[in-house]
Amino acid sequence: MTTVDRRSFLLGTGAALGAALLTSCSSSGSGGPGGPSGGAGQLRWQDHFSALQDFHADWAQQQSQALGVPVSYTYNDVSRSTEALQLAKQSDQLPDVYSNVLGLPLAALVAGGWLHELPLSEEALARLPEGSFTEGITSLDGVIYGLPLFTWQQYAAASWFNVDMVTAADLDPDDPPRTYDQFRDALERVGRNQDGGSPMILALGGVDRMGEQINDYAQAAGFPGFEGLEYRTGEYRFEDDTYVNAIEFWKELNDSGLILPGSGGLTVADARSRWGAGAAAYFPDGPWCAGGVRNVAAGFEEKIGVGPILVPEGGGQVTTYRGAPAAQFFVAATTADAEAAVAIIESMTTPEYQQGLASGMDQPPLDLSVVQDADVVPPYATLAGWFAETVKRMPQAVVANPEIARVDAATTPVSPDLGDIVQGYLGGDITDLRGALVKLSGDYRAVREQALESATAEGAEVSLDDYAFPDWTPGTDYTYAT
Amino acid sequence: MTSSTAPAPTLDAPPPGPTPPENPRRRAPRSQTAWIWVFLLPTVVLYGMYTLWPIAASYWYSLEEWNGFTSEGRFVGLSNYRAVIADPGFWSSLRITLVFMLVVAPARVLLSLVLAIVLNSPRLPLRGLFRTVYFLPVVTTTAIVGVVMQFIFDPGAGPVNSALRFFGVSEGIDFLGSSDTALYTAAGIYTWKFFGITMIYWLAALQTIPEEVSEAAKIDGANALQNLRHITLPMLFPFLLIISVLTVEDCFRAFDLMQTMTGGGPFFSTEVIEIYIYRYAFAATVPQLGFASAAAVLFGLVVLVVAALQAWGLVVGRRKRAALR
């Protein structure tokens with residue numbers, strides 16, 4: 001009888017493990033679950049929409065049956081999605097269908113081999129609102145690459161509140177504060193009457209969201225542009241009074257003790273969770289607040305109310321501006337079953353999906369009118385109505401000249417950015433707010449000039465003039481001269 | 001006289017007599033030495049893949065402009081290094097890293113020495129239990145410690161601030177949310193978290209002091225303090241250098257704790273260099289892997305300089321001890 005000594009055993013085991021390791025490392029093209037874009041007979045769908053997890057899991061199941069191809073759905077937290085997609089791309093394992101968290105212009109994604117074209121049927125295109133696709137943002141040379149899913153008519157600074165706490169302070173939840181003074185007064189009343197909770201919570205640790213909200217406040221206060229960029233002149237002017245006043249307003253609330261202590265380190269998700277737990281009465285957030293808070297505090301969505309974006313003084317027409325809708329879903333260039341992958345995205349244009357999307361109470365769907373008939377809480381529908389009335393289409397350099405996408409691709413991030421400055425000013429690290437904003441404008445200007453130079457050197461036909469829209473009229477949807 | 005003609009034995013010559021048997025370890029056949037390499041192979045391969053290759057790749061990436069989205073970057077020479085050096089954020093994070101190290105390293109080395117001396121006393125009851133308790137944070141997952149500490153130091157409902165309010169500090173202190181206190185709070189937590197590992201080094205060092213020396217000192221009338229000052233501490237001095245080297249190197253690795261606890265904020269006040277690198281490499285909307293790699297290479301050089309200074313200190317220390325003998 002042959003005996004197996006220790007050395008032979010170790011050798012055999014090592015060889016077996018090595019073979020297994022090599023097999024697993026070389027799965028590219030095998031078509032297994034971890035293979036590139038699912039491989040034949042399997043589709044992988046990955047996105048970062050936390051409020052839509054259950055809905056998308058169900059929808060993937062339905063599509064599996066409809067297409068006759070197994071569709072595996074994976075939710076990936078937004079903070080990890082970009083890196084996950086980078087790694088997937090480099091190892092040739094992009095999901096067949098994935099959400100857009102890449103932060104690169106469409107032209108760069110197409111050139112980089114990320115995207116498969118998205119040949120939607122006439123029927124699907126007819127189901128979408130007019131103007132859903134924009135050259136340079138969702139399509140290139142007339143070829144569609146990405147599906148916009150959410151409306152462009154939205155802002156991130158609605159004033160959400162806890163109806164019970166507001167009512168306890170003798171405030172009318174049906175008449176929410178609309179101006180800075182009314183809001184301050186409401187916070188002070190909640191502060192005097194509150195029973196264990198703070199008047200307001202702010203995600204001061206989520207600097208990107210804070211920057212986004214201050215941009216919205218500045219627009220609502222009359223800043224004639226977006227993200228510091230004036231539409232008419234194409235110049236950066238973060239030092240405008242509208243920005244200074246909006247930040248000073250938050251600073252005043254913070255210094256008055258009206259904001260929950262410890263907000264300095266809170267991320268958006270943390271702040272929303274605490275608000276849902278009753279830690280504070282008011283919480284500025286985007287439309288996704290309703291769906292987001294339902295995920296962490298089921299039932300709390302029945303106790304929420306919402307007010308519109310705040311303005312310094314009442315009386316005037318409140319208008320904010322947003323650009324053309326961006327692409328939310330792509331098909332991977334490496335998909336082994338493009339037809340089925342496109343079919344999944346095409347299914348997102350159906351009324352059933354749009355209703356489900358609205359019911360998730362994340363960002364409202366492309367067709368805002370769907371919200372009114374969807375299974376949503378009343379404040380969410382109210383907010384969608386305000387969006388439809390007050391958010392107008394802004395001019396965009398990349399739409400006027402798609403070559404600007406090459407400038408965007410060469411643009412490097414600015415640090416400290418607006419959100420950092422807000423955090424620094426509220427925390428006392430920055431004392432000269434206007435000086436910091438002047439510097440921020442200068443930094444943005446320098447980065448853009450550098451990117452313009454880089455793009456021009458590579459043959460792009462772009463100039464600073466592409467950023468100026470002297471014919472822009474406040475309070476209207478911008479239309480491009482043909 | 002044969003004896004007179006015989007060559008005189010020298011120190012180098014083998015002693016007369018029968019030839020000793022060959023050392024089997026020295027002359028092992030190749031088939032046996034090959035096994036050594038077979039067993040080393042996993043370590044060599046994994047170390048190469050996950051340590052050496054990334055280091056080499058970082059040097060290459062630092063010469064490229066690459067966002068990680070495109071299949072390959074564009075060679076830009078030293079421009080990433082120029083950009084990093086011109087960025088005040090880099091110098092700020094480097095300063096924060098060094099301040100953090102200067103606060104944590106002495107605290108860890110000295111406090112753990114005191115504790116190790118106490119825990120080394122044979123008269124201390126339950127010293128095994130105490131050693132375990134003090135070592136426990138070391139084996140706790142750092143990211144979890146970071147998250148838990150957020151709750152512990154929460155200015156609203158955290159136990160630390162509840163205690164402060166109980167003792168009359170009505171406003172409470174936003175330990176991790178204020179740029180005045182965040183770095184030092186993080187340094188305190190880091191010291192507590194890794195205190196045990198330094199304590200184990202000291203306990204090991206204390207075992208090398210012969211008991212007879214202390215006994216002799218006692219017989220000569222030395223009290224505990226004199227024993228500590230004239231026997232224990234001088235004999236621990238050689239270990240102080242190596243423990244300091246290990247602790248200082250350790251203090252440069254605070255990413256997981258800092259990222260989970262403060263994320264580098266508020267307003268960059270706890271942004272150690274690792275978080276700075278991470279921010280540009282992965283947290284940005286459009287990552288700048290070349291820029292981040294250049295920052296990482298420069299930081300590696302700083303660590304190298306610190307290590308070289310410490311190595312020089314070790315050599316000087318050895319020479320002095322040799323001279324004293």
# chains A, B, ... in the order shown; residues from 1 in each chain; ligands from 1

call {"tool": "interface_residues", "arguments": {"of": "chain B", "to": "chain A", "cutoff": "7 Å", "atoms": "only C-alpha atoms", "output": "MDAnalysis selection string"}}
result
chainID B and resid 68:71 154:156 174 177:178 262 266:267 282 285:286

call {"tool": "write_last_selection", "arguments": {"atoms": "all heavy atoms", "output": "compact mmCIF listing (two decimals), in the first residue's frame"}}
result
# COMPACT_ATOMS: atom_id res chain seq x y z
N GLY B 68 -7.26 57.27 -13.76
CA GLY B 68 -7.73 55.93 -13.41
C GLY B 68 -8.87 55.45 -14.28
O GLY B 68 -9.18 54.28 -14.30
N PHE B 69 -9.51 56.37 -15.00
CA PHE B 69 -10.62 55.98 -15.87
C PHE B 69 -10.12 55.52 -17.24
O PHE B 69 -10.69 54.64 -17.85
CB PHE B 69 -11.58 57.16 -16.08
CG PHE B 69 -12.29 57.58 -14.83
CD1 PHE B 69 -12.20 58.88 -14.37
CD2 PHE B 69 -13.04 56.68 -14.11
CE1 PHE B 69 -12.86 59.27 -13.21
CE2 PHE B 69 -13.71 57.07 -12.95
CZ PHE B 69 -13.61 58.36 -12.51
N THR B 70 -9.08 56.19 -17.70
CA THR B 70 -8.55 55.82 -19.01
C THR B 70 -7.60 54.63 -18.85
O THR B 70 -7.09 54.37 -17.76
CB THR B 70 -7.77 57.01 -19.61
OG1 THR B 70 -6.85 57.48 -18.64
CG2 THR B 70 -8.72 58.13 -19.98
N SER B 71 -7.38 53.92 -19.95
CA SER B 71 -6.57 52.70 -19.84
C SER B 71 -5.12 53.03 -19.50
O SER B 71 -4.44 52.26 -18.84
CB SER B 71 -6.65 51.90 -21.13
OG SER B 71 -6.33 52.73 -22.22
N ASP B 154 -19.33 62.12 20.98
CA ASP B 154 -20.43 62.92 20.43
C ASP B 154 -20.78 64.05 21.41
O ASP B 154 -21.00 63.81 22.59
CB ASP B 154 -21.66 62.03 20.22
CG ASP B 154 -22.78 62.77 19.51
OD1 ASP B 154 -23.38 63.69 20.11
OD2 ASP B 154 -23.05 62.41 18.35
N PRO B 155 -20.81 65.28 20.91
CA PRO B 155 -21.06 66.39 21.84
C PRO B 155 -22.50 66.43 22.37
O PRO B 155 -22.76 67.07 23.38
CB PRO B 155 -20.76 67.64 21.00
CG PRO B 155 -20.86 67.20 19.60
CD PRO B 155 -20.56 65.74 19.55
N GLY B 156 -23.40 65.75 21.68
CA GLY B 156 -24.79 65.78 22.14
C GLY B 156 -25.09 64.71 23.16
O GLY B 156 -25.46 65.00 24.30
N ASP B 174 -17.00 69.76 21.61
CA ASP B 174 -17.09 69.03 20.35
C ASP B 174 -15.69 68.51 19.99
O ASP B 174 -15.00 69.07 19.14
CB ASP B 174 -17.63 69.96 19.25
CG ASP B 174 -18.07 69.18 18.03
OD1 ASP B 174 -17.87 67.96 18.00
OD2 ASP B 174 -18.61 69.79 17.09
N GLY B 177 -15.31 67.48 16.37
CA GLY B 177 -15.92 68.38 15.38
C GLY B 177 -15.33 69.77 15.38
O GLY B 177 -15.71 70.61 14.58
N SER B 178 -14.38 70.01 16.28
CA SER B 178 -13.74 71.33 16.33
C SER B 178 -12.28 71.17 15.90
O SER B 178 -11.58 70.28 16.38
CB SER B 178 -13.81 71.90 17.74
OG SER B 178 -12.87 72.94 17.88
N THR B 262 -12.70 61.06 11.61
CA THR B 262 -12.87 62.47 11.23
C THR B 262 -12.87 62.68 9.72
O THR B 262 -13.28 63.75 9.27
CB THR B 262 -11.73 63.33 11.81
OG1 THR B 262 -10.51 62.92 11.20
CG2 THR B 262 -11.63 63.19 13.31
N PRO B 266 -12.36 68.51 10.96
CA PRO B 266 -13.00 69.57 10.21
C PRO B 266 -12.00 70.53 9.59
O PRO B 266 -10.98 70.83 10.21
CB PRO B 266 -13.84 70.29 11.28
CG PRO B 266 -13.14 69.99 12.56
CD PRO B 266 -12.51 68.65 12.42
N PHE B 267 -12.31 70.96 8.41
CA PHE B 267 -11.49 71.86 7.62
C PHE B 267 -10.03 71.42 7.59
O PHE B 267 -9.13 72.15 7.92
CB PHE B 267 -11.61 73.31 8.12
CG PHE B 267 -11.14 74.30 7.10
CD1 PHE B 267 -11.77 74.40 5.87
CD2 PHE B 267 -10.04 75.10 7.34
CE1 PHE B 267 -11.32 75.29 4.91
CE2 PHE B 267 -9.58 76.00 6.39
CZ PHE B 267 -10.22 76.09 5.18
N PHE B 282 -8.62 58.70 -4.71
CA PHE B 282 -9.87 57.94 -4.77
C PHE B 282 -11.12 58.76 -4.44
O PHE B 282 -12.20 58.42 -4.91
CB PHE B 282 -9.81 56.74 -3.82
CG PHE B 282 -8.67 55.83 -4.12
CD1 PHE B 282 -7.62 55.69 -3.23
CD2 PHE B 282 -8.64 55.11 -5.30
CE1 PHE B 282 -6.56 54.85 -3.51
CE2 PHE B 282 -7.58 54.26 -5.59
CZ PHE B 282 -6.54 54.14 -4.69
N THR B 285 -13.88 63.56 -7.48
CA THR B 285 -14.79 63.21 -8.57
C THR B 285 -14.00 62.69 -9.76
O THR B 285 -14.34 61.68 -10.37
CB THR B 285 -15.58 64.46 -9.00
OG1 THR B 285 -16.07 65.10 -7.83
CG2 THR B 285 -16.74 64.09 -9.89
N VAL B 286 -12.94 63.40 -10.08
CA VAL B 286 -12.01 62.90 -11.11
C VAL B 286 -10.68 62.65 -10.41
O VAL B 286 -9.95 63.58 -10.09
CB VAL B 286 -11.84 63.93 -12.24
CG1 VAL B 286 -10.88 63.39 -13.29
CG2 VAL B 286 -13.18 64.25 -12.87

call {"tool": "select_by_dssp", "arguments": {"residues": "range 193-244 of chain A", "states": "alpha helix (DSSP H)", "output": "PyMOL selection string"}}
result
chain A and resi 193+207-220+241-244

call {"tool": "residues_around", "arguments": {"residues": "range 213-226 of chain B", "least_positions_apart": "5", "cutoff": "12 Å", "atoms": "only C-alpha atoms", "output": "mmCIF file with C-alpha atoms, in the first residue's frame"}}
result
data_model
loop_
_atom_site.group_PDB
_atom_site.id
_atom_site.type_symbol
_atom_site.label_atom_id
_atom_site.label_comp_id
_atom_site.auth_asym_id
_atom_site.auth_seq_id
_atom_site.Cartn_x
_atom_site.Cartn_y
_atom_site.Cartn_z
ATOM 1 C CA ILE B 117 7.126 48.538 35.004
ATOM 2 C CA VAL B 118 3.993 48.366 37.151
ATOM 3 C CA SER B 121 5.990 43.672 39.433
ATOM 4 C CA LEU B 206 12.151 44.095 31.301
ATOM 5 C CA THR B 208 16.159 40.782 30.111
ATOM 6 C CA ILE B 231 19.357 49.674 37.602
ATOM 7 C CA THR B 232 16.199 49.346 35.534
ATOM 8 C CA LEU B 233 16.233 52.487 33.397
ATOM 9 C CA PRO B 234 19.923 52.328 32.404
ATOM 10 C CA MET B 235 19.503 48.688 31.421
#

call {"tool": "select_by_dssp", "arguments": {"residues": "range 58-235 of chain A", "states": "strand (DSSP E)", "output": "list in words"}}
result
Val71, Ser72, Tyr73, Thr74, Tyr75, Val97, Tyr98, Ser99, Leu115, His116, Ser139, Leu140, Val143, Ile144, Gly146, Leu147, Ala158, Ser159, Trp160, Phe161, Asn162, Ser198, Pro199, Met200, Gly225, Phe226, Leu229 and Glu230 of chain A

call {"tool": "residues_around", "arguments": {"residues": "range 132-136 of chain A", "least_positions_apart": "2", "cutoff": "10 Å", "atoms": "only C-alpha atoms", "output": "number ranges by chain"}}
result
A: 105-107, 125, 128-130, 138-152, 324-327, 366-367, 398-405

call {"tool": "write_last_selection", "arguments": {"atoms": "C-alpha atoms", "output": "mmCIF file, in the first residue's frame"}}
result
data_model
loop_
_atom_site.group_PDB
_atom_site.id
_atom_site.type_symbol
_atom_site.label_atom_id
_atom_site.label_comp_id
_atom_site.auth_asym_id
_atom_site.auth_seq_id
_atom_site.Cartn_x
_atom_site.Cartn_y
_atom_site.Cartn_z
ATOM 1 C CA PRO A 105 -17.678 63.926 -19.530
ATOM 2 C CA LEU A 106 -19.377 61.621 -21.975
ATOM 3 C CA ALA A 107 -16.775 62.158 -24.679
ATOM 4 C CA LEU A 125 -37.933 57.400 -27.060
ATOM 5 C CA LEU A 128 -39.641 60.154 -22.602
ATOM 6 C CA PRO A 129 -40.250 63.902 -22.300
ATOM 7 C CA GLU A 130 -39.016 66.093 -25.124
ATOM 8 C CA THR A 138 -26.154 61.905 -23.187
ATOM 9 C CA SER A 139 -25.266 61.522 -26.875
ATOM 10 C CA LEU A 140 -22.345 62.130 -29.206
ATOM 11 C CA ASP A 141 -22.720 62.752 -32.921
ATOM 12 C CA GLY A 142 -26.357 61.765 -32.606
ATOM 13 C CA VAL A 143 -25.580 58.394 -30.978
ATOM 14 C CA ILE A 144 -27.177 57.913 -27.555
ATOM 15 C CA TYR A 145 -24.898 56.503 -24.845
ATOM 16 C CA GLY A 146 -26.730 57.148 -21.595
ATOM 17 C CA LEU A 147 -30.267 57.234 -20.265
ATOM 18 C CA PRO A 148 -31.260 60.175 -18.087
ATOM 19 C CA LEU A 149 -33.461 58.874 -15.338
ATOM 20 C CA PHE A 150 -34.081 61.833 -13.064
ATOM 21 C CA THR A 151 -35.509 65.243 -13.667
ATOM 22 C CA TRP A 152 -33.215 68.194 -14.021
ATOM 23 C CA ALA A 324 -29.753 69.420 -19.122
ATOM 24 C CA PRO A 325 -30.418 66.047 -17.500
ATOM 25 C CA ALA A 326 -27.314 63.914 -17.157
ATOM 26 C CA ALA A 327 -27.089 60.249 -18.044
ATOM 27 C CA LEU A 366 -37.579 62.608 -15.670
ATOM 28 C CA ASP A 367 -41.278 63.203 -16.150
ATOM 29 C CA VAL A 398 -20.878 72.026 -23.102
ATOM 30 C CA VAL A 399 -24.268 72.139 -24.821
ATOM 31 C CA ALA A 400 -23.390 75.258 -26.818
ATOM 32 C CA ASN A 401 -20.049 73.731 -27.791
ATOM 33 C CA PRO A 402 -19.667 69.968 -27.149
ATOM 34 C CA GLU A 403 -15.890 70.400 -27.484
ATOM 35 C CA ILE A 404 -16.015 71.898 -23.974
ATOM 36 C CA ALA A 405 -16.262 68.300 -22.761
#

call {"tool": "residues_around", "arguments": {"residues": "range 189-198 of chain B", "least_positions_apart": "4", "cutoff": "7 Å", "atoms": "only C-alpha atoms", "output": "list in words"}}
result
Val104, Ala107, Arg108, Val109, Ser112, Tyr134, Phe135, Pro137, Val138, Thr185 and Trp202 of chain B

call {"tool": "residues_around", "arguments": {"residues": "Gly73 in chain B", "least_positions_apart": "3", "cutoff": "6 Å", "atoms": "only C-alpha atoms", "output": "PyMOL selection string"}}
result
chain B and resi 64-66

call {"tool": "residues_around", "arguments": {"residues": "Gly475 in chain A", "least_positions_apart": "2", "cutoff": "12 Å", "atoms": "only C-alpha atoms", "output": "list in words"}}
result
Gln219, Ala220, Gly222, Phe223, Pro224, Gly225, Gly316, Gln317, Val318, Thr319, Thr320, Tyr321, Arg322, Glu389, Thr390, Val391, Lys392, Arg393, Met394, Trp472, Thr473, Asp477 and Tyr478 of chain A

call {"tool": "closest_residue", "arguments": {"among": "B:Ser31, B:Gln310, B:Gln150, B:Thr247", "to": "Gln259 in chain B", "atoms": "only C-alpha atoms"}}
result
B:Gln150

call {"tool": "atom_distance", "arguments": {"atom1": "CA of Pro176 in chain A", "atom2": "CA of Asn162 in chain A"}}
result
11.3 Å

call {"tool": "atom_distance", "arguments": {"atom1": "CA of Asn295 in chain A", "atom2": "CA of Pro351 in chain A"}}
result
23.9 Å

call {"tool": "decode", "arguments": {"residues": "range 191-262 of chain A", "atoms": "C-alpha atoms", "output": "PDB file, in the first residue's frame"}}
result
ATOM      1  CA  GLY A 191     -35.605  75.858  20.493  1.00  0.00           C
ATOM      2  CA  ARG A 192     -37.818  77.348  23.182  1.00  0.00           C
ATOM      3  CA  ASN A 193     -40.402  74.581  22.971  1.00  0.00           C
ATOM      4  CA  GLN A 194     -38.366  71.586  22.037  1.00  0.00           C
ATOM      5  CA  ASP A 195     -38.482  68.557  24.208  1.00  0.00           C
ATOM      6  CA  GLY A 196     -35.136  66.866  23.807  1.00  0.00           C
ATOM      7  CA  GLY A 197     -34.394  67.767  20.187  1.00  0.00           C
ATOM      8  CA  SER A 198     -32.410  70.575  18.583  1.00  0.00           C
ATOM      9  CA  PRO A 199     -34.037  73.101  16.239  1.00  0.00           C
ATOM     10  CA  MET A 200     -31.922  72.096  13.241  1.00  0.00           C
ATOM     11  CA  ILE A 201     -29.341  69.587  12.053  1.00  0.00           C
ATOM     12  CA  LEU A 202     -26.843  70.232   9.305  1.00  0.00           C
ATOM     13  CA  ALA A 203     -24.452  67.807   7.610  1.00  0.00           C
ATOM     14  CA  LEU A 204     -21.418  70.011   8.121  1.00  0.00           C
ATOM     15  CA  GLY A 205     -19.123  67.040   7.539  1.00  0.00           C
ATOM     16  CA  GLY A 206     -20.578  66.473   4.076  1.00  0.00           C
ATOM     17  CA  VAL A 207     -18.723  69.335   2.479  1.00  0.00           C
ATOM     18  CA  ASP A 208     -19.774  68.577  -1.106  1.00  0.00           C
ATOM     19  CA  ARG A 209     -23.459  68.680  -0.192  1.00  0.00           C
ATOM     20  CA  MET A 210     -22.962  71.883   1.807  1.00  0.00           C
ATOM     21  CA  GLY A 211     -21.376  73.504  -1.210  1.00  0.00           C
ATOM     22  CA  GLU A 212     -24.276  72.317  -3.357  1.00  0.00           C
ATOM     23  CA  GLN A 213     -26.806  73.763  -0.918  1.00  0.00           C
ATOM     24  CA  ILE A 214     -25.071  77.136  -0.689  1.00  0.00           C
ATOM     25  CA  ASN A 215     -24.997  77.230  -4.495  1.00  0.00           C
ATOM     26  CA  ASP A 216     -28.760  76.672  -4.444  1.00  0.00           C
ATOM     27  CA  TYR A 217     -29.352  79.334  -1.778  1.00  0.00           C
ATOM     28  CA  ALA A 218     -27.274  81.814  -3.775  1.00  0.00           C
ATOM     29  CA  GLN A 219     -29.301  81.091  -6.917  1.00  0.00           C
ATOM     30  CA  ALA A 220     -32.583  81.452  -5.062  1.00  0.00           C
ATOM     31  CA  ALA A 221     -31.295  84.752  -3.671  1.00  0.00           C
ATOM     32  CA  GLY A 222     -30.691  85.995  -7.193  1.00  0.00           C
ATOM     33  CA  PHE A 223     -27.164  84.975  -8.171  1.00  0.00           C
ATOM     34  CA  PRO A 224     -27.266  85.057 -11.979  1.00  0.00           C
ATOM     35  CA  GLY A 225     -25.409  81.814 -12.507  1.00  0.00           C
ATOM     36  CA  PHE A 226     -24.535  78.429 -11.062  1.00  0.00           C
ATOM     37  CA  GLU A 227     -21.620  77.190  -8.994  1.00  0.00           C
ATOM     38  CA  GLY A 228     -20.092  80.645  -8.941  1.00  0.00           C
ATOM     39  CA  LEU A 229     -20.158  81.014 -12.721  1.00  0.00           C
ATOM     40  CA  GLU A 230     -22.152  83.976 -14.033  1.00  0.00           C
ATOM     41  CA  TYR A 231     -24.122  83.039 -17.124  1.00  0.00           C
ATOM     42  CA  ARG A 232     -23.891  86.369 -18.916  1.00  0.00           C
ATOM     43  CA  THR A 233     -20.174  87.016 -18.452  1.00  0.00           C
ATOM     44  CA  GLY A 234     -18.797  83.502 -18.004  1.00  0.00           C
ATOM     45  CA  GLU A 235     -16.803  84.775 -15.015  1.00  0.00           C
ATOM     46  CA  TYR A 236     -16.487  83.162 -11.582  1.00  0.00           C
ATOM     47  CA  ARG A 237     -17.866  85.333  -8.798  1.00  0.00           C
ATOM     48  CA  PHE A 238     -18.236  83.294  -5.594  1.00  0.00           C
ATOM     49  CA  GLU A 239     -17.694  86.526  -3.659  1.00  0.00           C
ATOM     50  CA  ASP A 240     -21.116  87.774  -4.752  1.00  0.00           C
ATOM     51  CA  ASP A 241     -23.317  89.044  -1.894  1.00  0.00           C
ATOM     52  CA  THR A 242     -25.763  86.194  -2.438  1.00  0.00           C
ATOM     53  CA  TYR A 243     -23.064  83.667  -1.473  1.00  0.00           C
ATOM     54  CA  VAL A 244     -21.759  85.722   1.428  1.00  0.00           C
ATOM     55  CA  ASN A 245     -25.264  86.269   2.831  1.00  0.00           C
ATOM     56  CA  ALA A 246     -26.212  82.590   2.548  1.00  0.00           C
ATOM     57  CA  ILE A 247     -23.083  81.451   4.383  1.00  0.00           C
ATOM     58  CA  GLU A 248     -23.416  84.218   6.969  1.00  0.00           C
ATOM     59  CA  PHE A 249     -26.982  83.034   7.562  1.00  0.00           C
ATOM     60  CA  TRP A 250     -25.800  79.539   8.439  1.00  0.00           C
ATOM     61  CA  LYS A 251     -22.983  80.976  10.516  1.00  0.00           C
ATOM     62  CA  GLU A 252     -25.486  83.002  12.516  1.00  0.00           C
ATOM     63  CA  LEU A 253     -27.654  79.925  13.133  1.00  0.00           C
ATOM     64  CA  ASN A 254     -24.592  77.958  14.182  1.00  0.00           C
ATOM     65  CA  ASP A 255     -23.273  80.624  16.543  1.00  0.00           C
ATOM     66  CA  SER A 256     -26.746  81.034  18.073  1.00  0.00           C
ATOM     67  CA  GLY A 257     -26.747  77.383  19.094  1.00  0.00           C
ATOM     68  CA  LEU A 258     -29.693  76.601  16.828  1.00  0.00           C
ATOM     69  CA  ILE A 259     -27.815  73.825  15.015  1.00  0.00           C
ATOM     70  CA  LEU A 260     -27.345  70.480  16.755  1.00  0.00           C
ATOM     71  CA  PRO A 261     -23.969  70.370  18.546  1.00  0.00           C
ATOM     72  CA  GLY A 262     -21.648  67.986  16.761  1.00  0.00           C
TER      73      GLY A 262
END
